[in-house]
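Structure data follow from entry.cif (mmCIF, C-alpha atoms and all ligand atoms):
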```
data_coords
loop_
_atom_site.group_PDB
_atom_site.id
_atom_site.type_symbol
_atom_site.label_atom_id
_atom_site.label_comp_id
_atom_site.auth_asym_id
_atom_site.auth_seq_id
_atom_site.Cartn_x
_atom_site.Cartn_y
_atom_site.Cartn_z
ATOM 1 C CA MET A 1 254.598 60.366 104.144
ATOM 2 C CA GLN A 2 252.034 59.159 101.679
ATOM 3 C CA PHE A 3 254.348 60.097 98.786
ATOM 4 C CA GLN A 4 257.251 58.267 100.393
ATOM 5 C CA GLN A 5 255.195 55.137 100.796
ATOM 6 C CA LEU A 6 254.109 55.285 97.191
ATOM 7 C CA SER A 7 257.603 55.776 95.820
ATOM 8 C CA THR A 8 258.898 52.906 97.952
ATOM 9 C CA ALA A 9 256.122 50.714 96.682
ATOM 10 C CA THR A 10 256.997 51.560 93.090
ATOM 11 C CA SER A 11 260.667 50.768 93.489
ATOM 12 C CA VAL A 12 259.897 47.544 95.341
ATOM 13 C CA ALA A 13 257.593 46.502 92.527
ATOM 14 C CA THR A 14 260.253 47.231 89.911
ATOM 15 C CA VAL A 15 263.011 45.408 91.724
ATOM 16 C CA THR A 16 260.920 42.436 92.689
ATOM 17 C CA HIS A 17 259.529 41.931 89.217
ATOM 18 C CA HIS A 18 263.061 41.522 87.886
ATOM 19 C CA HIS A 19 264.160 39.325 90.755
ATOM 20 C CA LEU A 20 261.044 37.238 90.655
ATOM 21 C CA GLN A 21 261.549 36.494 86.978
ATOM 22 C CA THR A 22 265.147 35.538 87.642
ATOM 23 C CA LEU A 23 264.153 33.397 90.576
ATOM 24 C CA LEU A 24 261.384 31.776 88.665
ATOM 25 C CA PHE A 25 263.748 30.762 85.898
ATOM 26 C CA THR A 26 266.169 29.022 88.200
ATOM 27 C CA THR A 27 263.646 27.572 90.626
ATOM 28 C CA ALA A 28 261.281 26.358 87.961
ATOM 29 C CA THR A 29 264.003 24.368 86.269
ATOM 30 C CA ASN A 30 265.348 23.003 89.529
ATOM 31 C CA SER A 31 262.589 22.093 91.882
ATOM 32 C CA LEU A 32 259.036 22.763 90.834
ATOM 33 C CA PRO A 33 256.832 20.058 89.352
ATOM 34 C CA SER A 34 255.796 20.940 85.814
ATOM 35 C CA SER A 35 252.175 21.488 86.818
ATOM 36 C CA SER A 36 253.158 24.286 89.181
ATOM 37 C CA MET A 37 255.500 26.132 86.850
ATOM 38 C CA PRO A 38 254.732 29.801 86.525
ATOM 39 C CA LEU A 39 252.678 30.407 83.419
ATOM 40 C CA PHE A 40 255.082 32.925 81.950
ATOM 41 C CA PHE A 41 258.038 30.581 82.364
ATOM 42 C CA SER A 42 258.055 29.615 78.716
ATOM 43 C CA SER A 43 257.835 33.229 77.585
ATOM 44 C CA ILE A 44 260.836 34.158 79.747
ATOM 45 C CA VAL A 45 262.853 31.369 78.236
ATOM 46 C CA SER A 46 262.040 32.402 74.694
ATOM 47 C CA ARG A 47 262.436 36.127 75.361
ATOM 48 C CA THR A 48 265.718 36.273 77.266
ATOM 49 C CA ALA A 49 269.073 35.144 76.009
ATOM 50 C CA THR A 50 270.755 35.780 79.366
ATOM 51 C CA PRO A 51 273.469 33.228 80.101
ATOM 52 C CA ARG A 52 272.406 30.764 82.751
ATOM 53 C CA SER A 53 275.444 31.598 84.902
ATOM 54 C CA LEU A 54 274.254 35.186 85.223
ATOM 55 C CA LEU A 55 270.805 34.050 86.205
ATOM 56 C CA MET A 56 272.288 31.786 88.828
ATOM 57 C CA SER A 57 274.382 34.584 90.281
ATOM 58 C CA THR A 58 271.355 36.764 90.959
ATOM 59 C CA SER A 59 269.051 33.991 92.085
ATOM 60 C CA HIS A 60 269.892 34.394 95.763
ATOM 61 C CA SER A 61 269.113 38.095 95.964
ATOM 62 C CA ALA A 62 266.223 39.305 98.088
ATOM 63 C CA LYS A 63 262.871 37.706 97.396
ATOM 64 C CA THR A 64 259.574 39.539 97.612
ATOM 65 C CA ARG A 65 258.322 39.517 101.136
ATOM 66 C CA LEU A 66 254.969 37.755 101.486
ATOM 67 C CA ARG A 67 252.826 38.907 104.379
ATOM 68 C CA GLY A 68 249.377 37.656 103.536
ATOM 69 C CA VAL A 69 247.413 35.140 101.490
ATOM 70 C CA VAL A 70 243.866 35.930 100.414
ATOM 71 C CA PHE A 71 241.683 33.007 99.390
ATOM 72 C CA ASP A 72 238.539 32.655 97.346
ATOM 73 C CA MET A 73 236.016 30.342 99.029
ATOM 74 C CA ASP A 74 233.817 28.364 96.601
ATOM 75 C CA GLY A 75 235.882 25.951 94.547
ATOM 76 C CA THR A 76 239.103 26.994 96.308
ATOM 77 C CA LEU A 77 238.705 26.416 100.061
ATOM 78 C CA THR A 78 235.694 24.217 99.410
ATOM 79 C CA VAL A 79 235.167 21.436 96.898
ATOM 80 C CA PRO A 80 233.137 22.779 93.963
ATOM 81 C CA ALA A 81 229.520 22.088 94.867
ATOM 82 C CA ILE A 82 227.684 24.799 92.953
ATOM 83 C CA ASP A 83 226.792 24.074 89.339
ATOM 84 C CA PHE A 84 227.417 27.614 88.089
ATOM 85 C CA ALA A 85 226.545 26.857 84.454
ATOM 86 C CA ALA A 86 223.156 25.471 85.534
ATOM 87 C CA MET A 87 222.663 28.487 87.810
ATOM 88 C CA TYR A 88 223.399 30.958 85.012
ATOM 89 C CA ARG A 89 221.080 29.079 82.626
ATOM 90 C CA ALA A 90 218.287 29.159 85.208
ATOM 91 C CA VAL A 91 218.734 32.898 85.818
ATOM 92 C CA LEU A 92 219.304 34.046 82.229
ATOM 93 C CA GLY A 93 217.410 31.496 80.172
ATOM 94 C CA GLU A 94 219.083 29.339 77.536
ATOM 95 C CA HIS A 95 219.153 31.962 74.773
ATOM 96 C CA GLU A 96 220.600 34.802 76.886
ATOM 97 C CA TYR A 97 223.030 32.396 78.523
ATOM 98 C CA ASN A 98 224.453 31.370 75.146
ATOM 99 C CA ARG A 99 224.578 34.950 73.875
ATOM 100 C CA ILE A 100 226.368 36.307 76.964
ATOM 101 C CA LYS A 101 228.699 33.328 77.175
ATOM 102 C CA ALA A 102 229.822 33.913 73.577
ATOM 103 C CA GLN A 103 230.694 37.511 74.475
ATOM 104 C CA ASN A 104 232.545 36.615 77.672
ATOM 105 C CA PRO A 105 235.001 33.827 76.932
ATOM 106 C CA SER A 106 236.596 33.913 80.388
ATOM 107 C CA GLY A 107 233.208 33.471 82.099
ATOM 108 C CA ILE A 108 229.903 35.114 82.942
ATOM 109 C CA ASP A 109 229.614 37.671 85.753
ATOM 110 C CA ILE A 110 226.075 36.858 86.822
ATOM 111 C CA LEU A 111 225.830 39.596 89.490
ATOM 112 C CA HIS A 112 226.855 42.154 86.886
ATOM 113 C CA GLU A 113 224.420 40.802 84.290
ATOM 114 C CA ILE A 114 221.410 41.229 86.560
ATOM 115 C CA GLU A 115 222.507 44.559 88.050
ATOM 116 C CA ASN A 116 220.260 46.694 85.833
ATOM 117 C CA TRP A 117 217.225 44.413 85.747
ATOM 118 C CA THR A 118 213.911 45.616 87.153
ATOM 119 C CA PRO A 119 213.581 45.048 90.921
ATOM 120 C CA GLN A 120 211.021 42.304 90.357
ATOM 121 C CA LYS A 121 213.145 40.420 87.832
ATOM 122 C CA GLN A 122 216.179 40.919 90.013
ATOM 123 C CA ARG A 123 214.420 39.525 93.091
ATOM 124 C CA LYS A 124 213.530 36.374 91.186
ATOM 125 C CA ALA A 125 217.116 36.063 89.929
ATOM 126 C CA PHE A 126 218.504 36.350 93.457
ATOM 127 C CA GLU A 127 216.052 33.689 94.644
ATOM 128 C CA THR A 128 217.331 31.342 91.946
ATOM 129 C CA ILE A 129 220.954 32.112 92.834
ATOM 130 C CA ALA A 130 220.204 31.554 96.528
ATOM 131 C CA ASP A 131 218.629 28.174 95.721
ATOM 132 C CA TYR A 132 221.762 26.999 93.957
ATOM 133 C CA GLU A 133 223.968 28.360 96.738
ATOM 134 C CA ARG A 134 221.845 26.560 99.367
ATOM 135 C CA GLN A 135 222.202 23.297 97.464
ATOM 136 C CA GLY A 136 225.943 23.924 97.434
ATOM 137 C CA LEU A 137 225.995 24.439 101.203
ATOM 138 C CA ASP A 138 224.257 21.102 101.742
ATOM 139 C CA HIS A 139 227.253 19.413 100.108
ATOM 140 C CA LEU A 140 229.912 21.683 101.561
ATOM 141 C CA GLN A 141 233.294 19.975 101.943
ATOM 142 C CA ILE A 142 236.650 21.493 102.705
ATOM 143 C CA MET A 143 239.147 21.332 99.835
ATOM 144 C CA PRO A 144 241.875 18.712 100.328
ATOM 145 C CA GLY A 145 245.049 20.470 101.438
ATOM 146 C CA ALA A 146 243.254 23.592 102.708
ATOM 147 C CA ALA A 147 243.607 22.837 106.429
ATOM 148 C CA GLU A 148 247.292 21.853 106.041
ATOM 149 C CA LEU A 149 248.052 24.986 104.023
ATOM 150 C CA CYS A 150 246.360 27.208 106.622
ATOM 151 C CA ASP A 151 248.314 25.487 109.433
ATOM 152 C CA ARG A 152 251.597 26.137 107.650
ATOM 153 C CA LEU A 153 250.728 29.775 106.979
ATOM 154 C CA ASP A 154 249.802 30.176 110.646
ATOM 155 C CA SER A 155 253.100 28.677 111.736
ATOM 156 C CA GLU A 156 254.908 31.274 109.577
ATOM 157 C CA LYS A 157 252.591 34.006 110.915
ATOM 158 C CA ILE A 158 251.373 34.790 107.392
ATOM 159 C CA ARG A 159 247.965 36.490 107.497
ATOM 160 C CA ARG A 160 244.971 34.714 105.950
ATOM 161 C CA GLY A 161 242.037 36.580 104.403
ATOM 162 C CA LEU A 162 239.036 35.578 102.308
ATOM 163 C CA ILE A 163 237.059 37.219 99.509
ATOM 164 C CA THR A 164 233.939 35.599 98.125
ATOM 165 C CA ARG A 165 231.015 36.614 95.923
ATOM 166 C CA ASN A 166 228.892 34.277 98.056
ATOM 167 C CA VAL A 167 226.858 35.613 101.023
ATOM 168 C CA LYS A 168 228.079 36.179 104.593
ATOM 169 C CA SER A 169 226.003 33.298 105.979
ATOM 170 C CA ALA A 170 227.944 30.898 103.725
ATOM 171 C CA VAL A 171 231.248 32.240 105.094
ATOM 172 C CA ASP A 172 229.920 31.907 108.662
ATOM 173 C CA LEU A 173 228.966 28.299 107.935
ATOM 174 C CA PHE A 174 232.438 27.584 106.547
ATOM 175 C CA HIS A 175 234.078 29.084 109.654
ATOM 176 C CA GLU A 176 231.816 27.085 111.979
ATOM 177 C CA ARG A 177 231.887 23.789 110.151
ATOM 178 C CA PHE A 178 235.624 23.560 109.537
ATOM 179 C CA GLY A 179 236.927 25.562 112.503
ATOM 180 C CA ILE A 180 239.292 27.633 110.349
ATOM 181 C CA THR A 181 238.627 31.358 110.333
ATOM 182 C CA PHE A 182 239.838 34.027 107.954
ATOM 183 C CA SER A 183 240.148 37.690 108.764
ATOM 184 C CA PRO A 184 239.038 39.841 107.117
ATOM 185 C CA ALA A 185 236.498 37.615 105.359
ATOM 186 C CA LEU A 186 234.621 39.728 102.811
ATOM 187 C CA SER A 187 231.428 38.415 101.234
ATOM 188 C CA ARG A 188 228.960 39.710 98.639
ATOM 189 C CA GLU A 189 227.691 42.288 101.135
ATOM 190 C CA PHE A 190 231.007 44.137 100.778
ATOM 191 C CA ARG A 191 230.804 46.382 97.708
ATOM 192 C CA PRO A 192 232.308 46.443 95.197
ATOM 193 C CA TYR A 193 232.891 42.716 94.927
ATOM 194 C CA LYS A 194 235.411 40.741 92.850
ATOM 195 C CA PRO A 195 236.667 41.163 90.139
ATOM 196 C CA ASP A 196 236.920 44.756 91.390
ATOM 197 C CA PRO A 197 240.200 45.142 93.292
ATOM 198 C CA GLY A 198 238.306 46.954 96.094
ATOM 199 C CA PRO A 199 237.958 44.057 98.529
ATOM 200 C CA LEU A 200 241.619 43.044 98.168
ATOM 201 C CA LEU A 201 242.818 46.640 98.620
ATOM 202 C CA HIS A 202 240.579 46.875 101.684
ATOM 203 C CA ILE A 203 242.207 43.783 103.195
ATOM 204 C CA CYS A 204 245.686 45.186 102.459
ATOM 205 C CA SER A 205 244.801 48.397 104.238
ATOM 206 C CA VAL A 206 243.374 46.538 107.251
ATOM 207 C CA TRP A 207 246.568 44.460 107.400
ATOM 208 C CA ASP A 208 248.683 47.560 106.718
ATOM 209 C CA VAL A 209 250.630 45.786 103.963
ATOM 210 C CA LEU A 210 251.295 46.585 100.301
ATOM 211 C CA PRO A 211 249.329 44.727 97.607
ATOM 212 C CA ASN A 212 252.580 43.269 96.242
ATOM 213 C CA GLU A 213 253.175 41.623 99.623
ATOM 214 C CA VAL A 214 249.993 39.611 99.179
ATOM 215 C CA ILE A 215 248.974 36.705 96.950
ATOM 216 C CA MET A 216 245.405 35.979 95.878
ATOM 217 C CA VAL A 217 244.619 32.268 95.504
ATOM 218 C CA GLY A 218 241.471 31.246 93.657
ATOM 219 C CA ASP A 219 239.908 29.010 91.042
ATOM 220 C CA SER A 220 238.448 31.768 88.882
ATOM 221 C CA LEU A 221 240.425 33.599 86.235
ATOM 222 C CA LYS A 222 237.763 36.268 85.746
ATOM 223 C CA ASP A 223 237.142 36.957 89.442
ATOM 224 C CA ASP A 224 240.142 35.944 91.554
ATOM 225 C CA VAL A 225 243.038 36.486 89.162
ATOM 226 C CA ALA A 226 241.489 39.687 87.769
ATOM 227 C CA CYS A 227 240.867 41.066 91.287
ATOM 228 C CA GLY A 228 244.411 40.201 92.360
ATOM 229 C CA LYS A 229 246.132 41.625 89.278
ATOM 230 C CA ARG A 230 244.061 44.831 89.330
ATOM 231 C CA ALA A 231 245.016 45.354 92.974
ATOM 232 C CA GLY A 232 248.715 44.828 92.163
ATOM 233 C CA ALA A 233 248.970 41.581 94.117
ATOM 234 C CA HIS A 234 250.491 38.257 93.117
ATOM 235 C CA THR A 235 248.046 35.647 91.915
ATOM 236 C CA CYS A 236 247.811 31.870 91.970
ATOM 237 C CA LEU A 237 245.143 30.105 89.924
ATOM 238 C CA LEU A 238 243.838 26.770 91.198
ATOM 239 C CA ASP A 239 242.909 24.732 88.128
ATOM 240 C CA GLN A 240 242.118 21.195 89.227
ATOM 241 C CA THR A 241 240.867 19.967 85.885
ATOM 242 C CA GLY A 242 243.134 21.825 83.477
ATOM 243 C CA ARG A 243 240.164 23.716 82.050
ATOM 244 C CA TYR A 244 242.203 26.913 81.733
ATOM 245 C CA ASP A 245 244.667 25.146 79.410
ATOM 246 C CA SER A 246 241.995 25.444 76.724
ATOM 247 C CA PRO A 247 242.856 27.801 73.797
ATOM 248 C CA GLU A 248 239.930 30.105 74.614
ATOM 249 C CA TYR A 249 241.897 31.416 77.629
ATOM 250 C CA VAL A 250 245.105 32.246 75.733
ATOM 251 C CA ASN A 251 244.222 35.895 75.154
ATOM 252 C CA VAL A 252 242.587 36.791 78.450
ATOM 253 C CA GLU A 253 243.545 40.142 79.924
ATOM 254 C CA HIS A 254 244.731 38.975 83.335
ATOM 255 C CA LYS A 255 247.012 35.965 83.578
ATOM 256 C CA PRO A 256 248.017 34.372 86.870
ATOM 257 C CA ASP A 257 251.616 34.455 88.108
ATOM 258 C CA PHE A 258 251.346 30.847 89.227
ATOM 259 C CA LYS A 259 249.062 27.957 88.460
ATOM 260 C CA VAL A 260 248.466 24.844 90.566
ATOM 261 C CA THR A 261 246.252 21.796 90.262
ATOM 262 C CA SER A 262 245.837 21.363 94.025
ATOM 263 C CA LEU A 263 246.196 23.402 97.218
ATOM 264 C CA ALA A 264 248.920 20.967 98.290
ATOM 265 C CA GLU A 265 251.224 22.638 95.746
ATOM 266 C CA VAL A 266 250.697 26.176 97.018
ATOM 267 C CA TYR A 267 253.003 26.191 100.018
ATOM 268 C CA SER A 268 256.081 25.030 98.104
ATOM 269 C CA ILE A 269 255.478 27.764 95.527
ATOM 270 C CA LEU A 270 255.332 30.359 98.292
ATOM 271 C CA GLU A 271 258.423 28.958 99.982
ATOM 272 C CA VAL A 272 260.475 28.967 96.773
ATOM 273 C CA ASN A 273 259.394 32.336 95.407
ATOM 274 C CA PHE A 274 258.817 34.529 98.443
ATOM 275 C CA ASP A 275 260.433 35.601 101.661
ATOM 276 C CA LEU A 276 258.027 34.254 104.291
ATOM 277 C CA SER A 277 259.558 35.922 107.329
ATOM 278 C CA PRO A 278 256.834 37.773 109.245
HETATM 279 MG MG MG B 301 235.703 30.174 93.279
#
```

Translate the structure of the given file into structure tokens.
Ligand SMILES: [Mg+2]
Amino acid sequence: MQFQQLSTATSVATVTHHHLQTLLFTTATNSLPSSSMPLFFSSIVSRTATPRSLLMSTSHSAKTRLRGVVFDMDGTLTVPAIDFAAMYRAVLGEHEYNRIKAQNPSGIDILHEIENWTPQKQRKAFETIADYERQGLDHLQIMPGAAELCDRLDSEKIRRGLITRNVKSAVDLFHERFGITFSPALSREFRPYKPDPGPLLHICSVWDVLPNEVIMVGDSLKDDVACGKRAGAHTCLLDQTGRYDSPEYVNVEHKPDFKVTSLAEVYSILEVNFDLSP
């Protein structure tokens, strides 16, 4: 049984990758705004010399079924309120911050950096992190478009999950304050945390769906996109300011399948590229 499931998953992944690329070519040229074009669109165009008529003829074949959307919280479902650079500087000190930043162009993994510190040093670091997170909670606002997107997913009976490196109390506050709940909602207490694929694979198993039937939506290339790609899920990067257009991100290991500048763009991407039937 297990083997059968695995072999089905493999063939689905192979078929859908081809179809998705074909679909993306036709849909991107027809209906998507330029800001929401899949990132690899340009590479498909330059790599394939397939006549457009052939692409059109296969564009109506089966789309990948989408059964769940997993969101990041800070900076994705909520307006960015935590000054992460200031937090990292406060924890690491200016010199270490600059040294580690130079080695990690796609961003610093602060929880990883402090993992092997002495208990005393670590305790102080966590206090500093908690201070910044508390300040963030004081200014907590829901991201524009988040409530509408969740409503539309609910109306299509698409599952909604959440994975954050923040603490459980912050997730509880989000649920209470905005009246939108995610299930499962995994916080820092769930180990291993993002960018490990563990939390996303856990959600897939709770939902009893395949990773390639799920899309991870988040504002962090190093955490959300990496977690999603490692799990074998689809990924959508929310980049409100265009910061990931910078040349330093050209050679990162994990690239998102889709990129948006607002959550308002997400639903149309899902509608165009996936089969949303429950
Ligand atoms: Mg985030």

Name every residue that the PyMOL selection byres (((chain A and resi 88-96) around 9) and not hetatm) selects in this structure, writing the answer as a VMD selection string with chains first and numbers rising. chain A and resid 83 to 87 97 to 101 108 110 113 to 114 124 to 126 128 to 129

Please return as an mmCIF file with C-alpha atoms, in the coordinates of the input the residues found within 7 Å of ligand MG 301 (chain B), counting only C-alpha atoms and all ligand atoms.
```cif
data_model
loop_
_atom_site.group_PDB
_atom_site.id
_atom_site.type_symbol
_atom_site.label_atom_id
_atom_site.label_comp_id
_atom_site.auth_asym_id
_atom_site.auth_seq_id
_atom_site.Cartn_x
_atom_site.Cartn_y
_atom_site.Cartn_z
ATOM 1 C CA ASP A 72 238.539 32.655 97.346
ATOM 2 C CA MET A 73 236.016 30.342 99.029
ATOM 3 C CA ASP A 74 233.817 28.364 96.601
ATOM 4 C CA GLY A 75 235.882 25.951 94.547
ATOM 5 C CA THR A 76 239.103 26.994 96.308
ATOM 6 C CA GLY A 218 241.471 31.246 93.657
ATOM 7 C CA ASP A 219 239.908 29.010 91.042
ATOM 8 C CA SER A 220 238.448 31.768 88.882
#
```

For Leu137 of chain A, work out the shell of residues within 8 Å, counting all atoms listed in the file and skipping chain neighbours fewer than 4 positions away, then give it as a ChimeraX atom specification. /A:81,133,170

Could those residues be written to a file, using C-alpha atoms, as a PDB file, in the frame of the given file?
```
ATOM      1  CA  ALA A  81     229.520  22.088  94.867  1.00  0.00           C
ATOM      2  CA  GLU A 133     223.968  28.360  96.738  1.00  0.00           C
ATOM      3  CA  ALA A 170     227.944  30.898 103.725  1.00  0.00           C
TER       4      ALA A 170
END
```

As an exercise, work out the distance from atom CA of Lys194 of chain A to atom CA of Glu115 of chain A in Å and give it to one decimal place.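 According to the coordinates, atom CA of Lys194 of chain A and atom CA of Glu115 of chain A are separated by 14.3 Å.
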
Let me know the residues the PyMOL selection byres (((chain A and resi 147-163) around 10) and not hetatm) catches in the file above, as a PyMOL selection string. chain A and resi 66-74+77+142-146+164-166+171+178-188+190+193-194+199-200+203-204+207+214+216-218+224+227+263-268+270+276-278

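Picture a line from atom CA of Gln141 of chain A to atom CA of Thr241 of chain A; it runs 17.8 Å.
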
Applied to the shown file, which residues does the PyMOL selection byres (((chain A and resi 243-258) around 9) and not hetatm) return, written as a list in words?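 Answer for the PyMOL selection byres (((chain A and resi 243-258) around 9) and not hetatm): Ser36, Met37, Pro38, Leu39, Phe40, Pro105, Ser106, Leu221, Lys222, Val225, Ala226, Gly228, Lys229, Arg230, His234, Thr235, Cys236, Leu237, Leu238, Asp239, Gln240, Thr241, Gly242, Lys259, Val260 and Ile269 of chain A.
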
Go ahead and compute the interatomic distance for atom CA of Pro192 of chain A and atom CA of Asp223 of chain A, in Å to one decimal.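 Separation of atom CA of Pro192 of chain A and atom CA of Asp223 of chain A: 12.1 Å.
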
Which is closest to Val167 of chain A among A:Ser205, A:Gly232, A:Thr64, A:Glu189, if we use all atoms listed in the file?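 Selected residue with least distance to Val167 of chain A: A:Glu189.
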
Given the choices A:Glu271, A:Ala233, A:Leu173, A:Pro197, which gets closest to Asp138 of chain A if the distance is worked out from all atoms listed in the file?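 Once distances to Asp138 of chain A are computed over all atoms listed in the file, the minimum belongs to A:Leu173.
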